[in-house]
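Have a look at input_27.pdb below; it lists PDB, C-alpha atoms.
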```pdb
ATOM      1  CA  ALA U 103      29.997 -25.704  21.636  1.00  0.00           C
ATOM      2  CA  GLN U 104      29.346 -29.281  20.668  1.00  0.00           C
ATOM      3  CA  SER U 105      31.885 -31.882  19.635  1.00  0.00           C
ATOM      4  CA  VAL U 106      32.056 -35.491  18.481  1.00  0.00           C
ATOM      5  CA  THR U 107      34.709 -38.073  19.206  1.00  0.00           C
ATOM      6  CA  GLN U 108      34.897 -41.293  17.241  1.00  0.00           C
ATOM      7  CA  LEU U 109      37.074 -43.868  18.952  1.00  0.00           C
ATOM      8  CA  GLY U 110      39.202 -45.750  16.478  1.00  0.00           C
ATOM      9  CA  SER U 111      40.000 -44.297  13.087  1.00  0.00           C
ATOM     10  CA  HIS U 112      40.202 -47.820  11.638  1.00  0.00           C
ATOM     11  CA  VAL U 113      38.160 -50.883  12.576  1.00  0.00           C
ATOM     12  CA  SER U 114      38.505 -54.327  10.997  1.00  0.00           C
ATOM     13  CA  VAL U 115      36.002 -57.140  11.387  1.00  0.00           C
ATOM     14  CA  SER U 116      35.508 -60.490   9.730  1.00  0.00           C
ATOM     15  CA  GLU U 117      32.532 -61.051   7.478  1.00  0.00           C
ATOM     16  CA  GLY U 118      29.620 -62.179   9.638  1.00  0.00           C
ATOM     17  CA  ALA U 119      31.044 -60.683  12.831  1.00  0.00           C
ATOM     18  CA  LEU U 120      29.535 -57.924  14.945  1.00  0.00           C
ATOM     19  CA  VAL U 121      30.240 -54.365  13.880  1.00  0.00           C
ATOM     20  CA  LEU U 122      30.651 -51.787  16.668  1.00  0.00           C
ATOM     21  CA  LEU U 123      31.675 -48.219  15.851  1.00  0.00           C
ATOM     22  CA  ARG U 124      31.967 -45.896  18.814  1.00  0.00           C
ATOM     23  CA  CYS U 125      30.823 -42.293  19.044  1.00  0.00           C
ATOM     24  CA  ASN U 126      30.785 -39.960  22.023  1.00  0.00           C
ATOM     25  CA  TYR U 127      29.501 -36.424  21.931  1.00  0.00           C
ATOM     26  CA  SER U 128      29.442 -33.338  24.057  1.00  0.00           C
ATOM     27  CA  SER U 129      26.691 -30.754  23.916  1.00  0.00           C
ATOM     28  CA  SER U 130      25.269 -28.188  26.298  1.00  0.00           C
ATOM     29  CA  VAL U 131      21.757 -28.729  24.932  1.00  0.00           C
ATOM     30  CA  PRO U 132      19.893 -31.887  23.961  1.00  0.00           C
ATOM     31  CA  PRO U 133      21.380 -32.906  20.627  1.00  0.00           C
ATOM     32  CA  TYR U 134      20.130 -34.628  17.564  1.00  0.00           C
ATOM     33  CA  LEU U 135      22.546 -37.347  16.486  1.00  0.00           C
ATOM     34  CA  PHE U 136      23.285 -38.834  13.098  1.00  0.00           C
ATOM     35  CA  TRP U 137      25.378 -41.527  11.493  1.00  0.00           C
ATOM     36  CA  TYR U 138      26.453 -41.086   7.878  1.00  0.00           C
ATOM     37  CA  VAL U 139      28.303 -43.522   5.625  1.00  0.00           C
ATOM     38  CA  GLN U 140      30.692 -42.558   2.839  1.00  0.00           C
ATOM     39  CA  TYR U 141      31.691 -44.991   0.113  1.00  0.00           C
ATOM     40  CA  PRO U 142      34.843 -44.259  -1.917  1.00  0.00           C
ATOM     41  CA  ASN U 143      34.553 -41.234  -4.181  1.00  0.00           C
ATOM     42  CA  GLN U 144      31.004 -40.549  -3.077  1.00  0.00           C
ATOM     43  CA  GLY U 145      29.244 -38.114  -0.815  1.00  0.00           C
ATOM     44  CA  LEU U 146      27.848 -38.948   2.585  1.00  0.00           C
ATOM     45  CA  GLN U 147      24.626 -40.913   2.927  1.00  0.00           C
ATOM     46  CA  LEU U 148      22.401 -40.862   5.997  1.00  0.00           C
ATOM     47  CA  LEU U 149      22.326 -44.192   7.854  1.00  0.00           C
ATOM     48  CA  LEU U 150      20.124 -43.233  10.777  1.00  0.00           C
ATOM     49  CA  LYS U 151      19.264 -40.400  13.125  1.00  0.00           C
ATOM     50  CA  TYR U 152      18.148 -39.887  16.700  1.00  0.00           C
ATOM     51  CA  THR U 153      15.857 -36.974  17.449  1.00  0.00           C
ATOM     52  CA  THR U 154      13.550 -37.700  20.371  1.00  0.00           C
ATOM     53  CA  GLY U 155      11.662 -40.678  21.741  1.00  0.00           C
ATOM     54  CA  ALA U 156      12.970 -44.215  21.467  1.00  0.00           C
ATOM     55  CA  THR U 157      16.660 -44.340  22.216  1.00  0.00           C
ATOM     56  CA  LEU U 158      17.316 -47.336  19.978  1.00  0.00           C
ATOM     57  CA  VAL U 159      17.068 -46.283  16.369  1.00  0.00           C
ATOM     58  CA  LYS U 160      17.205 -48.478  13.319  1.00  0.00           C
ATOM     59  CA  GLY U 161      18.654 -47.410  10.036  1.00  0.00           C
ATOM     60  CA  ILE U 162      19.315 -48.724   6.589  1.00  0.00           C
ATOM     61  CA  ASN U 163      21.344 -51.825   5.731  1.00  0.00           C
ATOM     62  CA  GLY U 164      20.695 -53.458   9.119  1.00  0.00           C
ATOM     63  CA  PHE U 165      22.494 -50.838  11.199  1.00  0.00           C
ATOM     64  CA  GLU U 166      21.204 -49.506  14.479  1.00  0.00           C
ATOM     65  CA  ALA U 167      22.414 -47.138  17.182  1.00  0.00           C
ATOM     66  CA  GLU U 168      21.502 -46.503  20.777  1.00  0.00           C
ATOM     67  CA  PHE U 169      21.438 -43.081  22.378  1.00  0.00           C
ATOM     68  CA  LYS U 170      22.737 -43.240  25.949  1.00  0.00           C
ATOM     69  CA  LYS U 171      22.463 -39.851  27.575  1.00  0.00           C
ATOM     70  CA  SER U 172      24.224 -40.908  30.779  1.00  0.00           C
ATOM     71  CA  GLU U 173      27.231 -42.040  28.757  1.00  0.00           C
ATOM     72  CA  THR U 174      26.931 -39.281  26.092  1.00  0.00           C
ATOM     73  CA  SER U 175      27.298 -42.023  23.520  1.00  0.00           C
ATOM     74  CA  PHE U 176      25.684 -43.002  20.239  1.00  0.00           C
ATOM     75  CA  HIS U 177      27.454 -46.180  19.156  1.00  0.00           C
ATOM     76  CA  LEU U 178      26.636 -47.800  15.818  1.00  0.00           C
ATOM     77  CA  THR U 179      26.175 -51.560  15.577  1.00  0.00           C
ATOM     78  CA  LYS U 180      25.310 -54.251  13.088  1.00  0.00           C
ATOM     79  CA  PRO U 181      24.966 -57.907  14.142  1.00  0.00           C
ATOM     80  CA  SER U 182      26.634 -59.401  11.080  1.00  0.00           C
ATOM     81  CA  ALA U 183      29.081 -57.583   8.826  1.00  0.00           C
ATOM     82  CA  HIS U 184      28.863 -57.858   5.070  1.00  0.00           C
ATOM     83  CA  MET U 185      31.603 -57.113   2.586  1.00  0.00           C
ATOM     84  CA  SER U 186      29.503 -54.266   1.207  1.00  0.00           C
ATOM     85  CA  ASP U 187      29.662 -52.518   4.596  1.00  0.00           C
ATOM     86  CA  ALA U 188      33.275 -51.537   3.995  1.00  0.00           C
ATOM     87  CA  ALA U 189      33.236 -47.750   3.987  1.00  0.00           C
ATOM     88  CA  GLU U 190      33.930 -44.734   6.183  1.00  0.00           C
ATOM     89  CA  TYR U 191      31.402 -43.901   8.872  1.00  0.00           C
ATOM     90  CA  PHE U 192      30.835 -40.479  10.385  1.00  0.00           C
ATOM     91  CA  CYS U 193      28.977 -39.626  13.552  1.00  0.00           C
ATOM     92  CA  ALA U 194      27.503 -36.117  13.726  1.00  0.00           C
ATOM     93  CA  VAL U 195      25.759 -33.961  16.310  1.00  0.00           C
ATOM     94  CA  SER U 196      23.322 -31.203  15.491  1.00  0.00           C
ATOM     95  CA  VAL U 197      22.158 -28.405  17.764  1.00  0.00           C
ATOM     96  CA  PRO U 198      20.286 -25.189  17.021  1.00  0.00           C
ATOM     97  CA  SER U 199      22.270 -21.986  16.728  1.00  0.00           C
ATOM     98  CA  GLY U 200      20.074 -19.004  16.146  1.00  0.00           C
ATOM     99  CA  SER U 201      18.519 -19.342  12.708  1.00  0.00           C
ATOM    100  CA  ALA U 202      21.206 -21.768  11.608  1.00  0.00           C
ATOM    101  CA  ARG U 203      22.078 -25.290  12.583  1.00  0.00           C
ATOM    102  CA  GLN U 204      25.364 -26.434  13.932  1.00  0.00           C
ATOM    103  CA  LEU U 205      26.101 -29.858  12.469  1.00  0.00           C
ATOM    104  CA  THR U 206      29.459 -31.107  13.653  1.00  0.00           C
ATOM    105  CA  PHE U 207      31.043 -34.267  12.286  1.00  0.00           C
ATOM    106  CA  GLY U 208      33.497 -36.605  13.911  1.00  0.00           C
ATOM    107  CA  SER U 209      36.732 -37.477  12.174  1.00  0.00           C
ATOM    108  CA  GLY U 210      35.372 -40.762  10.858  1.00  0.00           C
ATOM    109  CA  THR U 211      36.005 -44.487  11.263  1.00  0.00           C
ATOM    110  CA  GLN U 212      37.161 -46.560   8.318  1.00  0.00           C
ATOM    111  CA  LEU U 213      35.531 -49.988   8.451  1.00  0.00           C
ATOM    112  CA  THR U 214      37.295 -52.889   6.756  1.00  0.00           C
ATOM    113  CA  VAL U 215      35.489 -56.215   6.366  1.00  0.00           C
ATOM    114  CA  LEU U 216      37.743 -59.229   6.024  1.00  0.00           C
ATOM    115  CA  PRO U 217      36.634 -62.325   4.077  1.00  0.00           C
TER     116      PRO U 217
ATOM    117  CA  GLU J  17      14.313 -37.919  -7.119  1.00  0.00           C
ATOM    118  CA  ALA J  18      17.510 -36.629  -8.620  1.00  0.00           C
ATOM    119  CA  GLY J  19      20.317 -36.163  -6.127  1.00  0.00           C
ATOM    120  CA  VAL J  20      22.616 -33.248  -5.462  1.00  0.00           C
ATOM    121  CA  ALA J  21      24.725 -32.587  -8.554  1.00  0.00           C
ATOM    122  CA  GLN J  22      28.253 -31.220  -8.351  1.00  0.00           C
ATOM    123  CA  SER J  23      30.852 -30.380 -10.966  1.00  0.00           C
ATOM    124  CA  PRO J  24      33.614 -30.838 -11.755  1.00  0.00           C
ATOM    125  CA  ARG J  25      34.437 -34.140 -10.018  1.00  0.00           C
ATOM    126  CA  TYR J  26      38.169 -33.459 -10.011  1.00  0.00           C
ATOM    127  CA  LYS J  27      40.276 -30.343 -10.373  1.00  0.00           C
ATOM    128  CA  ILE J  28      44.023 -29.835 -10.265  1.00  0.00           C
ATOM    129  CA  ILE J  29      45.410 -26.314 -10.093  1.00  0.00           C
ATOM    130  CA  GLU J  30      48.594 -24.591  -9.071  1.00  0.00           C
ATOM    131  CA  LYS J  31      48.779 -22.463  -5.962  1.00  0.00           C
ATOM    132  CA  ARG J  32      47.684 -18.861  -6.426  1.00  0.00           C
ATOM    133  CA  GLN J  33      45.310 -19.850  -9.231  1.00  0.00           C
ATOM    134  CA  SER J  34      41.560 -19.516  -8.900  1.00  0.00           C
ATOM    135  CA  VAL J  35      38.927 -22.247  -9.085  1.00  0.00           C
ATOM    136  CA  ALA J  36      35.144 -22.500  -8.966  1.00  0.00           C
ATOM    137  CA  PHE J  37      32.807 -25.329  -8.040  1.00  0.00           C
ATOM    138  CA  TRP J  38      29.170 -25.649  -8.948  1.00  0.00           C
ATOM    139  CA  CYS J  39      26.287 -27.288  -7.103  1.00  0.00           C
ATOM    140  CA  ASN J  40      22.668 -27.979  -8.021  1.00  0.00           C
ATOM    141  CA  PRO J  41      20.660 -29.107  -4.991  1.00  0.00           C
ATOM    142  CA  ILE J  42      17.671 -31.399  -4.892  1.00  0.00           C
ATOM    143  CA  SER J  43      14.630 -29.645  -6.282  1.00  0.00           C
ATOM    144  CA  GLY J  44      12.657 -27.900  -3.573  1.00  0.00           C
ATOM    145  CA  HIS J  45      15.413 -27.964  -0.978  1.00  0.00           C
ATOM    146  CA  ALA J  46      15.626 -24.522   0.543  1.00  0.00           C
ATOM    147  CA  THR J  47      18.839 -25.037   2.476  1.00  0.00           C
ATOM    148  CA  LEU J  48      22.210 -25.525   0.823  1.00  0.00           C
ATOM    149  CA  TYR J  49      25.570 -26.217   2.470  1.00  0.00           C
ATOM    150  CA  TRP J  50      29.176 -26.271   1.358  1.00  0.00           C
ATOM    151  CA  TYR J  51      31.537 -28.488   3.342  1.00  0.00           C
ATOM    152  CA  GLN J  52      35.295 -28.942   3.124  1.00  0.00           C
ATOM    153  CA  GLN J  53      36.597 -32.447   3.802  1.00  0.00           C
ATOM    154  CA  ILE J  54      40.340 -32.716   4.214  1.00  0.00           C
ATOM    155  CA  LEU J  55      41.782 -36.215   3.877  1.00  0.00           C
ATOM    156  CA  GLY J  56      41.378 -38.141   7.118  1.00  0.00           C
ATOM    157  CA  GLN J  57      38.960 -35.660   8.655  1.00  0.00           C
ATOM    158  CA  GLY J  58      35.241 -35.195   8.904  1.00  0.00           C
ATOM    159  CA  PRO J  59      33.478 -32.574   6.802  1.00  0.00           C
ATOM    160  CA  LYS J  60      33.709 -29.005   8.050  1.00  0.00           C
ATOM    161  CA  LEU J  61      30.960 -26.508   7.263  1.00  0.00           C
ATOM    162  CA  LEU J  62      32.086 -23.556   5.161  1.00  0.00           C
ATOM    163  CA  ILE J  63      28.786 -21.835   4.460  1.00  0.00           C
ATOM    164  CA  GLN J  64      25.045 -22.409   4.791  1.00  0.00           C
ATOM    165  CA  PHE J  65      22.372 -20.766   2.650  1.00  0.00           C
ATOM    166  CA  GLN J  66      18.661 -20.561   3.347  1.00  0.00           C
ATOM    167  CA  ASN J  67      17.114 -19.860  -0.060  1.00  0.00           C
ATOM    168  CA  ASN J  68      19.464 -17.179  -1.437  1.00  0.00           C
ATOM    169  CA  GLY J  69      20.518 -15.727   1.902  1.00  0.00           C
ATOM    170  CA  VAL J  70      23.573 -16.642   3.955  1.00  0.00           C
ATOM    171  CA  VAL J  71      22.706 -18.133   7.341  1.00  0.00           C
ATOM    172  CA  ASP J  72      26.155 -19.126   8.564  1.00  0.00           C
ATOM    173  CA  ASP J  73      29.548 -18.352   7.041  1.00  0.00           C
ATOM    174  CA  SER J  74      31.524 -18.152  10.243  1.00  0.00           C
ATOM    175  CA  GLN J  75      34.064 -20.777   9.127  1.00  0.00           C
ATOM    176  CA  LEU J  76      34.504 -19.497   5.581  1.00  0.00           C
ATOM    177  CA  PRO J  77      37.984 -17.990   4.969  1.00  0.00           C
ATOM    178  CA  LYS J  78      36.562 -14.850   3.453  1.00  0.00           C
ATOM    179  CA  ASP J  79      39.898 -13.485   2.290  1.00  0.00           C
ATOM    180  CA  ARG J  80      40.043 -16.182  -0.378  1.00  0.00           C
ATOM    181  CA  PHE J  81      36.748 -18.060  -0.434  1.00  0.00           C
ATOM    182  CA  SER J  82      33.430 -16.762  -1.712  1.00  0.00           C
ATOM    183  CA  ALA J  83      30.085 -18.369  -2.419  1.00  0.00           C
ATOM    184  CA  GLU J  84      26.808 -17.320  -3.872  1.00  0.00           C
ATOM    185  CA  ARG J  85      23.407 -18.819  -4.450  1.00  0.00           C
ATOM    186  CA  LEU J  86      21.633 -16.717  -7.015  1.00  0.00           C
ATOM    187  CA  LYS J  87      17.862 -17.208  -7.267  1.00  0.00           C
ATOM    188  CA  GLY J  88      17.970 -19.615  -4.351  1.00  0.00           C
ATOM    189  CA  VAL J  89      18.780 -22.693  -6.419  1.00  0.00           C
ATOM    190  CA  ASP J  90      22.264 -23.359  -7.852  1.00  0.00           C
ATOM    191  CA  SER J  91      25.339 -22.315  -5.962  1.00  0.00           C
ATOM    192  CA  THR J  92      28.980 -21.678  -6.768  1.00  0.00           C
ATOM    193  CA  LEU J  93      31.957 -21.751  -4.431  1.00  0.00           C
ATOM    194  CA  LYS J  94      35.111 -19.928  -5.493  1.00  0.00           C
ATOM    195  CA  ILE J  95      38.657 -19.938  -4.185  1.00  0.00           C
ATOM    196  CA  GLN J  96      40.986 -17.130  -5.206  1.00  0.00           C
ATOM    197  CA  PRO J  97      43.905 -17.450  -4.781  1.00  0.00           C
ATOM    198  CA  ALA J  98      44.263 -21.114  -3.854  1.00  0.00           C
ATOM    199  CA  LYS J  99      46.760 -22.358  -1.286  1.00  0.00           C
ATOM    200  CA  LEU J 100      48.265 -25.806  -0.853  1.00  0.00           C
ATOM    201  CA  GLU J 101      46.176 -26.366   2.279  1.00  0.00           C
ATOM    202  CA  ASP J 102      42.991 -25.957   0.235  1.00  0.00           C
ATOM    203  CA  SER J 103      43.523 -29.437  -1.200  1.00  0.00           C
ATOM    204  CA  ALA J 104      40.389 -31.290  -0.100  1.00  0.00           C
ATOM    205  CA  VAL J 105      37.055 -32.627  -1.240  1.00  0.00           C
ATOM    206  CA  TYR J 106      34.395 -29.949  -1.413  1.00  0.00           C
ATOM    207  CA  LEU J 107      30.972 -31.343  -0.676  1.00  0.00           C
ATOM    208  CA  CYS J 108      27.669 -29.695  -1.409  1.00  0.00           C
ATOM    209  CA  ALA J 109      24.589 -30.767   0.529  1.00  0.00           C
ATOM    210  CA  SER J 110      20.979 -29.715   0.675  1.00  0.00           C
ATOM    211  CA  SER J 111      18.038 -30.219   2.996  1.00  0.00           C
ATOM    212  CA  THR J 112      14.372 -29.362   3.049  1.00  0.00           C
ATOM    213  CA  GLY J 113      14.823 -26.903   5.885  1.00  0.00           C
ATOM    214  CA  SER J 114      17.275 -25.543   8.376  1.00  0.00           C
ATOM    215  CA  SER J 115      15.736 -27.418  11.266  1.00  0.00           C
ATOM    216  CA  TYR J 116      18.413 -29.207  13.173  1.00  0.00           C
ATOM    217  CA  ASN J 117      16.799 -32.567  12.638  1.00  0.00           C
ATOM    218  CA  SER J 118      16.567 -32.303   8.840  1.00  0.00           C
ATOM    219  CA  PRO J 119      18.941 -34.816   7.285  1.00  0.00           C
ATOM    220  CA  LEU J 120      21.406 -33.597   4.707  1.00  0.00           C
ATOM    221  CA  HIS J 121      21.634 -35.010   1.192  1.00  0.00           C
ATOM    222  CA  PHE J 122      25.165 -34.855  -0.160  1.00  0.00           C
ATOM    223  CA  GLY J 123      26.581 -34.685  -3.650  1.00  0.00           C
ATOM    224  CA  ASN J 124      29.598 -36.766  -4.666  1.00  0.00           C
ATOM    225  CA  GLY J 125      31.951 -33.862  -4.141  1.00  0.00           C
ATOM    226  CA  THR J 126      34.721 -32.128  -6.057  1.00  0.00           C
ATOM    227  CA  ARG J 127      38.228 -33.293  -5.273  1.00  0.00           C
ATOM    228  CA  LEU J 128      40.618 -30.339  -5.459  1.00  0.00           C
ATOM    229  CA  THR J 129      44.365 -30.801  -5.632  1.00  0.00           C
ATOM    230  CA  VAL J 130      46.515 -27.691  -5.312  1.00  0.00           C
ATOM    231  CA  THR J 131      50.144 -28.152  -6.406  1.00  0.00           C
TER     232      THR J 131
END
```

Write-out of the structure in structure tokens:
Amino acid sequence: AQSVTQLGSHVSVSEGALVLLRCNYSSSVPPYLFWYVQYPNQGLQLLLKYTTGATLVKGINGFEAEFKKSETSFHLTKPSAHMSDAAEYFCAVSVPSGSARQLTFGSGTQLTVLP
Amino acid sequence: EAGVAQSPRYKIIEKRQSVAFWCNPISGHATLYWYQQILGQGPKLLIQFQNNGVVDDSQLPKDRFSAERLKGVDSTLKIQPAKLEDSAVYLCASSTGSSYNSPLHFGNGTRLTVT
């Protein structure tokens, strides 16, 4: 079975500072990896995904993530935080399971951006 | 394109009462998911439909939860009778296929409070 661990349930950064949200996964088969963002009282929105190929993937709003197989990590970064980035971020791993998909989410990291 | 529509947005009921949630996925999306998101946790899959058939309901508490997707479009999720621990946000999502690299599109959710 696959699992996702997000280190740090709350992260605070100053506006303009680097954003780093950590995600580690475990999977017995090559996974597909996703980052979703959730703004208050809204559903989740896809930020970026890793399937195959280039290990550094770019997403919306200036975010990017790097798949490191040796470290089983998929950390999310953004060079310069903006106030509008304040939200909850979820890492997710997806593996095939028969005719279904197994998409497992981490417990989330709440990002606060300080002025 | 129109997003995933869910209703109601909020619902407050007493324990042992019944409740139903409705979801209309993005047009043309064959796969529909219901997730339960308890406060402070990541979403947990309850049930996955492919068209009008159930693909995965292994985490659905079938003694009290039921879901259907008549005609392969809209879906309803029902809880009867509700328990205090059912208080959560219920998220509906859809995707173009069940492939494990297809991103999910989420609705804004229904926040259920059981008192």

Identify all chain U residues at most 7 Å from chain J by counting only C-alpha atoms; ligands do not count. Present them as a PyMOL selection string.
chain U and resi 134+143-147+153+196-198+201-203+207-210

Of the listed residues U:Val139, U:Leu149, U:Ala189, U:Val195, that which approaches U:His112 most closely, counting all atoms listed in the file
U:Ala189

Determine, counting only C-alpha atoms, which protein, DNA and RNA residues have an atom within 8 Å of an atom of stretch 76-92 of chain J; residues of the same chain fewer than 2 positions away are not included. Present the result as a PyMOL selection string.
chain J and resi 36-41+46+62-63+65-69+73-74+94-98

Residues selected by the PyMOL selection byres ((chain U and resi 157) around 9), written as a VMD selection string:
chain U and resid 152 to 156 158 to 159 167 to 170

Residue nearest J:Ala21 - candidates J:Asp102, J:Gln33, J:Ile42, J:Ser111, atoms counted: only C-alpha atoms
J:Ile42

Using Å and a single decimal, report how far atom CA of U:Arg124 sits from atom CA of U:Ser175.
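So the answer is 7.7 Å.
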
Between atom CA of U:Gln140 and atom CA of J:Val130, measure the distance and give it in Å to one decimal.
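Interatomic distance, atom CA of U:Gln140 to atom CA of J:Val130: 23.2 Å.
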
Test item: residues at most 8 Å from U:Cys125, all atoms listed in the file, excluding those fewer than 6 positions along its chain, as a PyMOL selection string
chain U and resi 106-109+175-178+193

U:Asn163, U:Ala194, U:Thr206, U:Ala183: which is nearest U:Ser114, counting only C-alpha atoms?
U:Ala183

Which of these residues is nearest to U:Glu190, using only C-alpha atoms: U:Glu173, U:Leu120, U:Leu216, U:Tyr138?
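Smallest separation from U:Glu190 among the options: U:Tyr138.
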
Centre, edges in Å (one decimal): axis-aligned box, stretch 56-63 of chain J, 8 Å padding on all six sides, as JSON:
```
{"center_x": 35.1, "center_y": -30.0, "center_z": 6.7, "size_x": 28.6, "size_y": 32.3, "size_z": 20.4}
```

8 Å contact set for J:Leu100, only C-alpha atoms, chain neighbours under 4 positions out, as a PyMOL selection string:
chain J and resi 31+129-131

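Put simply, atom CA of J:Tyr49 is 22.3 Å away from atom CA of U:Tyr127.
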
Name the residues captured by the PyMOL selection byres ((chain U and resi 150) around 6) when it is applied to the shown file; answer as a ChimeraX atom specification.
/U:136-137,148-149,151,161

Just checking: using only C-alpha atoms, which residue out of J:Ala104, J:Trp50, J:His45, J:Gln75 ends up closest to J:Tyr26?
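Under the stated criterion, the closest residue is J:Ala104.
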